[in-house]
Amino acid sequence: MQHSAPLKTNMPAAGICRNAQVQTRIIGCCKGKSMKQKLVVVGNGMAPGRVLDRLLETDPDAFEITIFNAEKRVNYDRIMLSPVLSGEKKFEEIVIHGDAWYEQHGIALIKGRKVIAIDTKAKTVTAEGGMTANYDKLLIATGSVPFIIPVPGHQLPGVLTYRDLDDVHAMMVAAQQGKKNAVIIGGGLLGLEAAAGLKAQGMEPTVVHLMDTLMERQLDPTAGHMLQRELERRGIRVVTKANTKEIVGESSVTGVRLEDGTMIPADIVVMAVGIKPNAGLAKEAGLETNRGILVDNKMHTSDPDIMAVGECVEFEGSVYGLVAPLYEMAGIVSSELLGQDTDGFSDKALATKLKVTGIDLYSAGDFADGEDREEIVLRDAASGIYKRLVLKDNKIIGAVLYGDTGDGAWFFQHIKEETDISDMRDTLIFGPAFAGGTPLDPTAAVAALPDDAEICGCNGICKSKIIDTITENELTTLDEVRAHTKASASCGSCTGLVEQLISLTLGDSYDPAAVQSMCGCTELGHADVRRLIVAKELKTIPDLMQELEWNSSGGCAKCRPALNYYMISTWPGEYKDDYQSRFINERVHANIQKDGTYSVVPRMWGGVTSSKELRAIADVVDKFKIPTVKCTGGQRIDMLGVKKEDLPAVWADLNHAGMVSGHAYAKGLRTVKTCVGSDWCRFGTQDSTGLGVRLEKFMWGSWAPAKVKLAVSGCPRNCAESTCKDIGVICVDSGYEIHFAGAAGLDIKGTEVLCHAESEEETLEIIVALTQLYREQGHYLERIYKWARRVGTESIHAAVVEDIENRKQLFERFVYSQKFSQTDPWEERTKGQDAHEFKPMSIVSFSEAAE
Amino acid sequence: MSNSMWKDVGALTDIPKEGARTVITSMGKIAVFKSAQGEIFAIEDKCPHLGGPLSQGIVHGARVTCPLHNWVIDLKSGGVVGPDEGCVKTLPVKIEGERIHLNMSALVKRAA
Ligand code: SRM
Ligand SMILES: Cc1cc2nc3c(=O)[nH]c(=O)nc-3n(C[C@H](O)[C@H](O)[C@H](O)COP(=O)(O)OP(=O)(O)OC[C@H]3O[C@@H](n4cnc5c(N)ncnc54)[C@H](O)[C@@H]3O)c2cc1C
Ligand code: SF4
Ligand code: FES
């Protein structure tokens, strides 16, 4: 082991070491690298994240890069904070670049250090705590700050904003502490998302809005009322025409008083009244600013070596609050830094979507009233649909859709292309299906788009990139396309376009409905159902079917086992297993055979057995006249042809010899195959048998979306066939190589390497965390390799390997749920559980009547 | 239907909701089902496909899915639901107090 020490610096380092390494880089930043230009970035939000992506794609070696960020974390998708708040996503799912990414690209990320001064003469920046860095080029990307109405009491503890993960945590903590009353000031997109998130967290939110109706900029009064009613139906109170006069409280917030004297009790207050560019730092450094930092169309500030990007800038009098234009700026910044030519930035129409599950609201372009503008409005209050198009000079310039947003992408495209709509004006509002002149084929319009047309504004993904990715990776579902390209994975407003591209690429073989729905009983897909179980805290199958409007009574044999698994894995300890929703094998803990008899496979930990166990098996076979005894492909022994009535007695005898169920029937942990390893084998490097036994003893009994098979081999000769398992380990001199996502059944696929671990402890922790992540994200019957293909192996690596804190939490959740699943089901049944399963209700003779 | 063909086969509480129990007769096994609403159905415990034991399937609504190859059988009519074809024998059910009675004549007639 000694000579492996120098290798260690290449391995994913633990959290603390990584920071230490980063610091060394800064202080010693000139050693050997003095030729490179130094780029310093202030702020690590979504805009500079995209700048770096583009920069590294084009010329990874152009700059030595240092990033300062006031937030104590890596780059993440701020847009997705609302799903984190509502519990529908976890933080790790919204990370854009994890620690490993910075390390891999040699970028020094200084977290939790706010830059407090820029010296444009000396070309240095200074951060809190006195750390200073020189730059050749400086990029300011300080984003926005939430606007806080300076009413009395606005500084009380409990008054929050909604901008970053700290805000989300503060809200979640309040909810966890059992606080009930939340007042959200501001009824725009952000305020409503916050209210819905807080409701999902169990609080009782009240939205206080200054104007007569919600989202008055986008919606006319009727539509505003429809939205308000829908929110109220979901338990979100809305008070309009409400001017906040004062926030009341002694040591912390207790209420909000309105101008008219109304007092609304509040444990927390969230201000969501708007944002303003964060330009203070630039202003103090002497750069030209107005509302934001003034930039030209190539993103240069008034100082030739300083550029700015994102919400902190002001361009031709405009400031920005959505990511699509910021990403366009980012592309320009990257090109400028590399001395490449660009067209320069220009204002374009934007689209956005309210990210509240179950409420469909989409708006695009410009929808303000104006003299030269006309409107087409479709309103169907009964079915909750509202559509409004704003026209100018026979072109659509704005669209607001509520209730049915399916045509959003189509309208947005006409806005961007400035299509003359005179010919289809009469039917325009009904969307592409009715639009005269335009072909009925909805994919015709996307087919006509040029290859470089941007489809996903949030992530800057163009048409050809999506099509190429679909073809190269043989993707077939929207989820897969999201995982591989990030298109449609953020605000979701381009989902329609992405789906059209998938059907354009795959032709008739893509049927979004068929791919999506879980079974005939619902329109919802597995992902939606899993998400809603968490978000709506659905804890029984009947509740779920009621709430999610199942269209069959009692579901079917497809959805019931899936739902039962989702419940059991989401609410361990709380949910009572519905055994009538399990397939017969899992219901009676044995495998049914074609003649109606059963097979019995006891656990043989890691494939190791003993004379005592073999003797007990032999005795059972004789006593119950079991016709066949066979070695399975999973290194254990199968007794086939046992009568159902005999099962409890067979198990009792096996239990007596210390054997428990092998779960050969389970969607859960099956076998852990091992080789003899260092105990016996002349090539063995580690105790592969011991590790296999340990893994099996730790993980047995756990339910999973599909079966989970492991193997541990003692050296790369791989006698336990670890490289085609769901999870495999190959022992090597320096430790353990952890593999996953292999397949050797209906599909054949070698594993991928997840990471290297140095000890058995670390190996166990990583494998358990990986399994838990799969348990939480997998769709029913989806083996690990399919799950990995759907969510992307990078996201798994980030969650299990890079984010050590998260790994520990996953591990803990697995351990917690094991408390309720590590009881031998055979033993329970030998003691009488489900006794009715194993004997007939009665035996009737009616021979006399048959005569 | 001769009166003597009605047989007491067990109590309502013997069968779990969305579950089944079997009754063994000289004419083969019968599967007796109870739906989530508490309705009782009795059919031959033999799938029209390859004879799978229907009593071991998942019960949903007034249907059962065969445990061997997922054919779906309507418990009221005994007919196969969906694209597959076939039918199993159904037995008339009578509830007297807490007891379940089945009429066995369907089994006998076919056999004769
Ligand atoms: C008993 C055994 C065959 C044997 O005699 O060796 C076996 C028997 C069955 N396998 Fe298997 N598989 C057995 C090892 C395997 C292996 C080899 C392995 O585990 O290393 C594979 C390939 C690896 C893999 O899992 O991908 C394997 C891939 C399958 C598959 C294909 C799974 C897939 O996703 O590709 C199925 C079908 C399924 O699960 O839908 C399957 C399904 C079955 C079922 C459960 C079929 C069924 O639904 O009734 C069989 C149950 C028989 C019984 O009653 O015991 N069996 N099966 C092996 C039991 C291992 C054990 O000790 O638990
Ligand atoms: C809850 C929520 C939902 C949203 N939903 C959508 C949506 O659906 N669609 C959409 O298009 N947009 C949405 N947005 C807006 C979008 O997130 C922003 O437009 C985008 O994040 C701005 O990117 P940025 O890089 O300019 O700034 P930011 O992402 O705000 O990043 C700025 C970073 O700079 C750091 N910083 C500031 N000052 C300093 C300093 N002096 N030194 C060091 N670091 C500093 C800050 O801590 C911050 O991390 C949403 C925003 C929020 C908060
Ligand atoms: S895997 Fe390696 S150590 Fe294990 S038995 Fe095979 S050769 Fe020996
Ligand atoms: S035996 Fe019932 S479906 Fe095949």
# chains A, B, ... in the order shown; residues from 1 in each chain; ligands from 1

call {"tool": "residues_around", "arguments": {"residues": "range 527-539 of chain A", "least_positions_apart": "3", "cutoff": "6 Å", "atoms": "only C-alpha atoms", "output": "list in words"}}
result
Gly87, Glu88, Ala200 and Leu544 of chain A

call {"tool": "select_by_dssp", "arguments": {"residues": "range 257-300 of chain A", "states": "alpha helix (DSSP H)", "output": "ChimeraX atom specification"}}
result
/A:280-284

call {"tool": "write_last_selection", "arguments": {"atoms": "N, CA, C and O atoms", "output": "short mmCIF file (atom, residue, chain, number, x, y, z; two decimals), in the first residue's frame"}}
result
data_model
loop_
_atom_site.label_atom_id
_atom_site.label_comp_id
_atom_site.auth_asym_id
_atom_site.auth_seq_id
_atom_site.Cartn_x
_atom_site.Cartn_y
_atom_site.Cartn_z
N GLY A 280 -23.48 47.36 -7.23
CA GLY A 280 -22.78 48.19 -6.25
C GLY A 280 -21.26 48.07 -6.33
O GLY A 280 -20.53 49.08 -6.36
N LEU A 281 -20.77 46.84 -6.39
CA LEU A 281 -19.33 46.59 -6.43
C LEU A 281 -18.69 47.29 -7.64
O LEU A 281 -17.66 47.96 -7.53
N ALA A 282 -19.37 47.15 -8.80
CA ALA A 282 -18.86 47.76 -10.02
C ALA A 282 -18.86 49.28 -9.92
O ALA A 282 -17.93 49.96 -10.35
N LYS A 283 -19.92 49.80 -9.32
CA LYS A 283 -20.04 51.24 -9.19
C LYS A 283 -18.90 51.80 -8.34
O LYS A 283 -18.25 52.79 -8.70
N GLU A 284 -18.67 51.13 -7.21
CA GLU A 284 -17.60 51.59 -6.32
C GLU A 284 -16.24 51.52 -6.99
O GLU A 284 -15.34 52.31 -6.68
#

call {"tool": "closest_atom_pairs", "arguments": {"of": "chain A", "to": "ligand 3", "cutoff": "12 Å", "atoms": "only C-alpha atoms and all ligand atoms", "output": "JSON lines"}}
result
{"residue": "A:Lys673", "atom": "CA", "partner": "ligand 3", "partner_atom_place_in_ligand_line": "4 (Fe)", "distance": 11.1}
{"residue": "A:Thr674", "atom": "CA", "partner": "ligand 3", "partner_atom_place_in_ligand_line": "4 (Fe)", "distance": 7.8}
{"residue": "A:Cys675", "atom": "CA", "partner": "ligand 3", "partner_atom_place_in_ligand_line": "4 (Fe)", "distance": 4.6}
{"residue": "A:Val676", "atom": "CA", "partner": "ligand 3", "partner_atom_place_in_ligand_line": "5 (S)", "distance": 5.1}
{"residue": "A:Gly677", "atom": "CA", "partner": "ligand 3", "partner_atom_place_in_ligand_line": "3 (S)", "distance": 4.2}
{"residue": "A:Ser678", "atom": "CA", "partner": "ligand 3", "partner_atom_place_in_ligand_line": "3 (S)", "distance": 6.2}
{"residue": "A:Asp679", "atom": "CA", "partner": "ligand 3", "partner_atom_place_in_ligand_line": "3 (S)", "distance": 8.9}
{"residue": "A:Trp680", "atom": "CA", "partner": "ligand 3", "partner_atom_place_in_ligand_line": "8 (Fe)", "distance": 7.8}
{"residue": "A:Cys681", "atom": "CA", "partner": "ligand 3", "partner_atom_place_in_ligand_line": "8 (Fe)", "distance": 4.6}
{"residue": "A:Arg682", "atom": "CA", "partner": "ligand 3", "partner_atom_place_in_ligand_line": "8 (Fe)", "distance": 6.4}
{"residue": "A:Phe683", "atom": "CA", "partner": "ligand 3", "partner_atom_place_in_ligand_line": "3 (S)", "distance": 4.8}
{"residue": "A:Gly684", "atom": "CA", "partner": "ligand 3", "partner_atom_place_in_ligand_line": "3 (S)", "distance": 3.4}
{"residue": "A:Thr685", "atom": "CA", "partner": "ligand 3", "partner_atom_place_in_ligand_line": "3 (S)", "distance": 6.5}
{"residue": "A:Gln686", "atom": "CA", "partner": "ligand 3", "partner_atom_place_in_ligand_line": "3 (S)", "distance": 7.9}
{"residue": "A:Asp687", "atom": "CA", "partner": "ligand 3", "partner_atom_place_in_ligand_line": "3 (S)", "distance": 8.7}
{"residue": "A:Ser688", "atom": "CA", "partner": "ligand 3", "partner_atom_place_in_ligand_line": "4 (Fe)", "distance": 7.2}
{"residue": "A:Thr689", "atom": "CA", "partner": "ligand 3", "partner_atom_place_in_ligand_line": "4 (Fe)", "distance": 8.8}
{"residue": "A:Gly690", "atom": "CA", "partner": "ligand 3", "partner_atom_place_in_ligand_line": "4 (Fe)", "distance": 12.0}
{"residue": "A:Gly692", "atom": "CA", "partner": "ligand 3", "partner_atom_place_in_ligand_line": "4 (Fe)", "distance": 11.9}
{"residue": "A:Ala711", "atom": "CA", "partner": "ligand 3", "partner_atom_place_in_ligand_line": "1 (S)", "distance": 10.5}
{"residue": "A:Val712", "atom": "CA", "partner": "ligand 3", "partner_atom_place_in_ligand_line": "1 (S)", "distance": 8.3}
{"residue": "A:Ser713", "atom": "CA", "partner": "ligand 3", "partner_atom_place_in_ligand_line": "1 (S)", "distance": 4.6}
{"residue": "A:Gly714", "atom": "CA", "partner": "ligand 3", "partner_atom_place_in_ligand_line": "3 (S)", "distance": 3.8}
{"residue": "A:Cys715", "atom": "CA", "partner": "ligand 3", "partner_atom_place_in_ligand_line": "2 (Fe)", "distance": 3.9}
{"residue": "A:Pro716", "atom": "CA", "partner": "ligand 3", "partner_atom_place_in_ligand_line": "2 (Fe)", "distance": 6.1}
{"residue": "A:Arg717", "atom": "CA", "partner": "ligand 3", "partner_atom_place_in_ligand_line": "1 (S)", "distance": 4.8}
{"residue": "A:Asn718", "atom": "CA", "partner": "ligand 3", "partner_atom_place_in_ligand_line": "1 (S)", "distance": 4.2}
{"residue": "A:Cys719", "atom": "CA", "partner": "ligand 3", "partner_atom_place_in_ligand_line": "1 (S)", "distance": 4.2}
{"residue": "A:Ala720", "atom": "CA", "partner": "ligand 3", "partner_atom_place_in_ligand_line": "1 (S)", "distance": 6.3}
{"residue": "A:Glu721", "atom": "CA", "partner": "ligand 3", "partner_atom_place_in_ligand_line": "1 (S)", "distance": 8.4}
{"residue": "A:Ser722", "atom": "CA", "partner": "ligand 3", "partner_atom_place_in_ligand_line": "1 (S)", "distance": 9.2}
{"residue": "A:Thr723", "atom": "CA", "partner": "ligand 3", "partner_atom_place_in_ligand_line": "1 (S)", "distance": 11.4}
{"residue": "A:Val729", "atom": "CA", "partner": "ligand 3", "partner_atom_place_in_ligand_line": "1 (S)", "distance": 10.4}
{"residue": "A:Ile730", "atom": "CA", "partner": "ligand 3", "partner_atom_place_in_ligand_line": "1 (S)", "distance": 8.0}
{"residue": "A:Cys731", "atom": "CA", "partner": "ligand 3", "partner_atom_place_in_ligand_line": "3 (S)", "distance": 8.2}
{"residue": "A:Val732", "atom": "CA", "partner": "ligand 3", "partner_atom_place_in_ligand_line": "2 (Fe)", "distance": 9.5}
{"residue": "A:Asp733", "atom": "CA", "partner": "ligand 3", "partner_atom_place_in_ligand_line": "3 (S)", "distance": 11.2}

call {"tool": "interface_residues", "arguments": {"of": "chain A", "to": "chain B", "cutoff": "10 Å", "atoms": "only C-alpha atoms", "output": "VMD selection string"}}
result
chain A and resid 552 to 558 560 to 561 579 to 585 587 to 588 592 to 597 834 836 to 851

call {"tool": "write_last_selection", "arguments": {"atoms": "N, CA and C atoms", "output": "short mmCIF file (atom, residue, chain, number, x, y, z; two decimals), in the first residue's frame"}}
result
data_model
loop_
_atom_site.label_atom_id
_atom_site.label_comp_id
_atom_site.auth_asym_id
_atom_site.auth_seq_id
_atom_site.Cartn_x
_atom_site.Cartn_y
_atom_site.Cartn_z
N SER A 552 -59.53 3.89 -13.05
CA SER A 552 -60.09 2.56 -12.85
C SER A 552 -60.33 2.41 -11.37
N SER A 553 -61.26 1.52 -11.02
CA SER A 553 -61.40 1.33 -9.58
C SER A 553 -60.41 0.25 -9.17
N GLY A 554 -59.52 0.61 -8.28
CA GLY A 554 -58.58 -0.38 -7.78
C GLY A 554 -57.37 -0.64 -8.64
N GLY A 555 -57.14 0.16 -9.68
CA GLY A 555 -55.91 0.01 -10.46
C GLY A 555 -55.84 -1.28 -11.23
N CYS A 556 -54.63 -1.71 -11.57
CA CYS A 556 -54.47 -2.95 -12.31
C CYS A 556 -53.18 -3.63 -11.85
N ALA A 557 -52.90 -4.78 -12.45
CA ALA A 557 -51.73 -5.55 -12.02
C ALA A 557 -50.43 -4.88 -12.43
N LYS A 558 -50.51 -3.81 -13.25
CA LYS A 558 -49.30 -3.09 -13.60
C LYS A 558 -48.99 -2.00 -12.59
N ARG A 560 -50.46 -1.36 -9.51
CA ARG A 560 -50.53 -1.61 -8.07
C ARG A 560 -49.17 -2.01 -7.47
N PRO A 561 -48.46 -3.00 -8.07
CA PRO A 561 -47.14 -3.33 -7.48
C PRO A 561 -46.19 -2.14 -7.53
N TYR A 579 -49.95 -6.22 0.79
CA TYR A 579 -49.45 -7.43 0.14
C TYR A 579 -50.35 -7.90 -0.98
N GLN A 580 -51.62 -7.40 -1.01
CA GLN A 580 -52.48 -7.78 -2.14
C GLN A 580 -52.06 -7.04 -3.41
N SER A 581 -51.15 -6.07 -3.27
CA SER A 581 -50.66 -5.37 -4.45
C SER A 581 -49.31 -5.95 -4.90
N ARG A 582 -48.97 -7.10 -4.38
CA ARG A 582 -47.70 -7.70 -4.80
C ARG A 582 -47.97 -8.91 -5.67
N PHE A 583 -47.03 -9.16 -6.58
CA PHE A 583 -47.13 -10.37 -7.38
C PHE A 583 -47.03 -11.57 -6.46
N ILE A 584 -47.60 -12.67 -6.92
CA ILE A 584 -47.67 -13.85 -6.07
C ILE A 584 -46.32 -14.21 -5.45
N ASN A 585 -45.23 -14.13 -6.24
CA ASN A 585 -43.92 -14.52 -5.70
C ASN A 585 -43.55 -13.72 -4.46
N ARG A 587 -45.69 -12.12 -2.67
CA ARG A 587 -46.73 -12.25 -1.65
C ARG A 587 -46.48 -13.47 -0.79
N VAL A 588 -46.04 -14.56 -1.44
CA VAL A 588 -45.82 -15.77 -0.62
C VAL A 588 -44.34 -16.08 -0.45
N ILE A 592 -43.32 -18.96 -8.05
CA ILE A 592 -44.33 -19.86 -8.60
C ILE A 592 -43.75 -20.54 -9.85
N GLN A 593 -44.09 -21.79 -10.05
CA GLN A 593 -43.61 -22.54 -11.21
C GLN A 593 -44.78 -22.82 -12.15
N LYS A 594 -44.46 -23.32 -13.35
CA LYS A 594 -45.52 -23.44 -14.36
C LYS A 594 -46.65 -24.38 -13.93
N ASP A 595 -46.36 -25.34 -13.02
CA ASP A 595 -47.43 -26.25 -12.61
C ASP A 595 -48.11 -25.79 -11.32
N GLY A 596 -47.84 -24.55 -10.91
CA GLY A 596 -48.49 -24.04 -9.71
C GLY A 596 -47.76 -24.40 -8.42
N THR A 597 -46.70 -25.19 -8.50
CA THR A 597 -45.89 -25.43 -7.30
C THR A 597 -44.89 -24.29 -7.16
N ASP A 834 -50.18 -14.55 7.52
CA ASP A 834 -50.82 -14.91 6.25
C ASP A 834 -51.11 -16.40 6.14
N HIS A 836 -53.68 -18.04 5.99
CA HIS A 836 -54.73 -18.37 5.02
C HIS A 836 -54.17 -18.60 3.62
N GLU A 837 -53.01 -17.95 3.30
CA GLU A 837 -52.42 -18.11 1.98
C GLU A 837 -52.06 -19.56 1.69
N PHE A 838 -51.72 -20.28 2.73
CA PHE A 838 -51.08 -21.57 2.50
C PHE A 838 -52.01 -22.76 2.68
N LYS A 839 -53.28 -22.50 2.96
CA LYS A 839 -54.19 -23.65 2.97
C LYS A 839 -55.51 -23.29 2.29
N PRO A 840 -56.16 -24.31 1.74
CA PRO A 840 -57.43 -24.03 1.09
C PRO A 840 -58.46 -23.58 2.12
N MET A 841 -59.49 -22.86 1.66
CA MET A 841 -60.51 -22.40 2.58
C MET A 841 -61.33 -23.60 3.05
N SER A 842 -61.60 -24.51 2.12
CA SER A 842 -62.30 -25.74 2.54
C SER A 842 -62.14 -26.81 1.47
N ILE A 843 -62.48 -27.99 1.87
CA ILE A 843 -62.48 -29.10 0.92
C ILE A 843 -63.92 -29.61 0.89
N VAL A 844 -64.55 -29.57 -0.25
CA VAL A 844 -65.95 -30.03 -0.29
C VAL A 844 -66.08 -31.27 -1.14
N SER A 845 -66.93 -32.11 -0.67
CA SER A 845 -67.20 -33.31 -1.44
C SER A 845 -68.65 -33.24 -1.89
N PHE A 846 -68.91 -33.50 -3.14
CA PHE A 846 -70.30 -33.51 -3.58
C PHE A 846 -70.53 -34.66 -4.54
N SER A 847 -69.83 -35.73 -4.25
CA SER A 847 -69.92 -36.89 -5.15
C SER A 847 -71.36 -37.37 -5.30
N GLU A 848 -72.14 -37.32 -4.18
CA GLU A 848 -73.52 -37.84 -4.25
C GLU A 848 -74.35 -37.06 -5.27
N ALA A 849 -74.06 -35.72 -5.33
CA ALA A 849 -74.83 -34.89 -6.24
C ALA A 849 -74.41 -35.10 -7.69
N ALA A 850 -73.20 -35.50 -7.87
CA ALA A 850 -72.69 -35.66 -9.23
C ALA A 850 -73.30 -36.87 -9.93
N GLU A 851 -73.88 -37.73 -9.15
CA GLU A 851 -74.41 -38.94 -9.75
C GLU A 851 -75.64 -38.69 -10.61
#

call {"tool": "residues_around", "arguments": {"residues": "Ser77 in chain B", "least_positions_apart": "4", "cutoff": "9 Å", "atoms": "only C-alpha atoms", "output": "PyMOL selection string"}}
result
chain B and resi 73+87-90

call {"tool": "write_last_selection", "arguments": {"atoms": "N, CA and C atoms", "output": "mmCIF file, in the first residue's frame"}}
result
data_model
loop_
_atom_site.group_PDB
_atom_site.id
_atom_site.type_symbol
_atom_site.label_atom_id
_atom_site.label_comp_id
_atom_site.auth_asym_id
_atom_site.auth_seq_id
_atom_site.Cartn_x
_atom_site.Cartn_y
_atom_site.Cartn_z
ATOM 1 N N ILE B 73 -58.760 -11.762 -16.305
ATOM 2 C CA ILE B 73 -60.042 -12.480 -16.344
ATOM 3 C C ILE B 73 -61.102 -11.671 -15.589
ATOM 4 N N CYS B 87 -62.512 -18.454 -21.685
ATOM 5 C CA CYS B 87 -63.503 -18.288 -20.640
ATOM 6 C C CYS B 87 -63.268 -19.341 -19.567
ATOM 7 N N VAL B 88 -63.456 -18.959 -18.318
ATOM 8 C CA VAL B 88 -63.418 -19.978 -17.256
ATOM 9 C C VAL B 88 -64.820 -20.126 -16.701
ATOM 10 N N LYS B 89 -65.071 -21.283 -16.094
ATOM 11 C CA LYS B 89 -66.384 -21.507 -15.504
ATOM 12 C C LYS B 89 -66.564 -20.616 -14.290
ATOM 13 N N THR B 90 -67.767 -20.055 -14.163
ATOM 14 C CA THR B 90 -68.077 -19.296 -12.959
ATOM 15 C C THR B 90 -69.101 -20.085 -12.151
#

call {"tool": "residues_near_ligand", "arguments": {"ligand": "ligand 1", "cutoff": "6 Å", "atoms": "only C-alpha atoms and all ligand atoms", "output": "list in words"}}
result
Asn591, Ile592, Gln593, Ser599, Thr632, Gly633, Gly634, Gln635, Arg636, Ala664, Arg670, Thr671, Ala743, Ala744, Gly745, Leu746 and Asp747 of chain A

call {"tool": "closest_residue", "arguments": {"among": "B:Lys76, B:Cys47, B:Gly86, B:Ile95", "to": "ligand 4", "atoms": "only C-alpha atoms and all ligand atoms"}}
result
B:Cys47
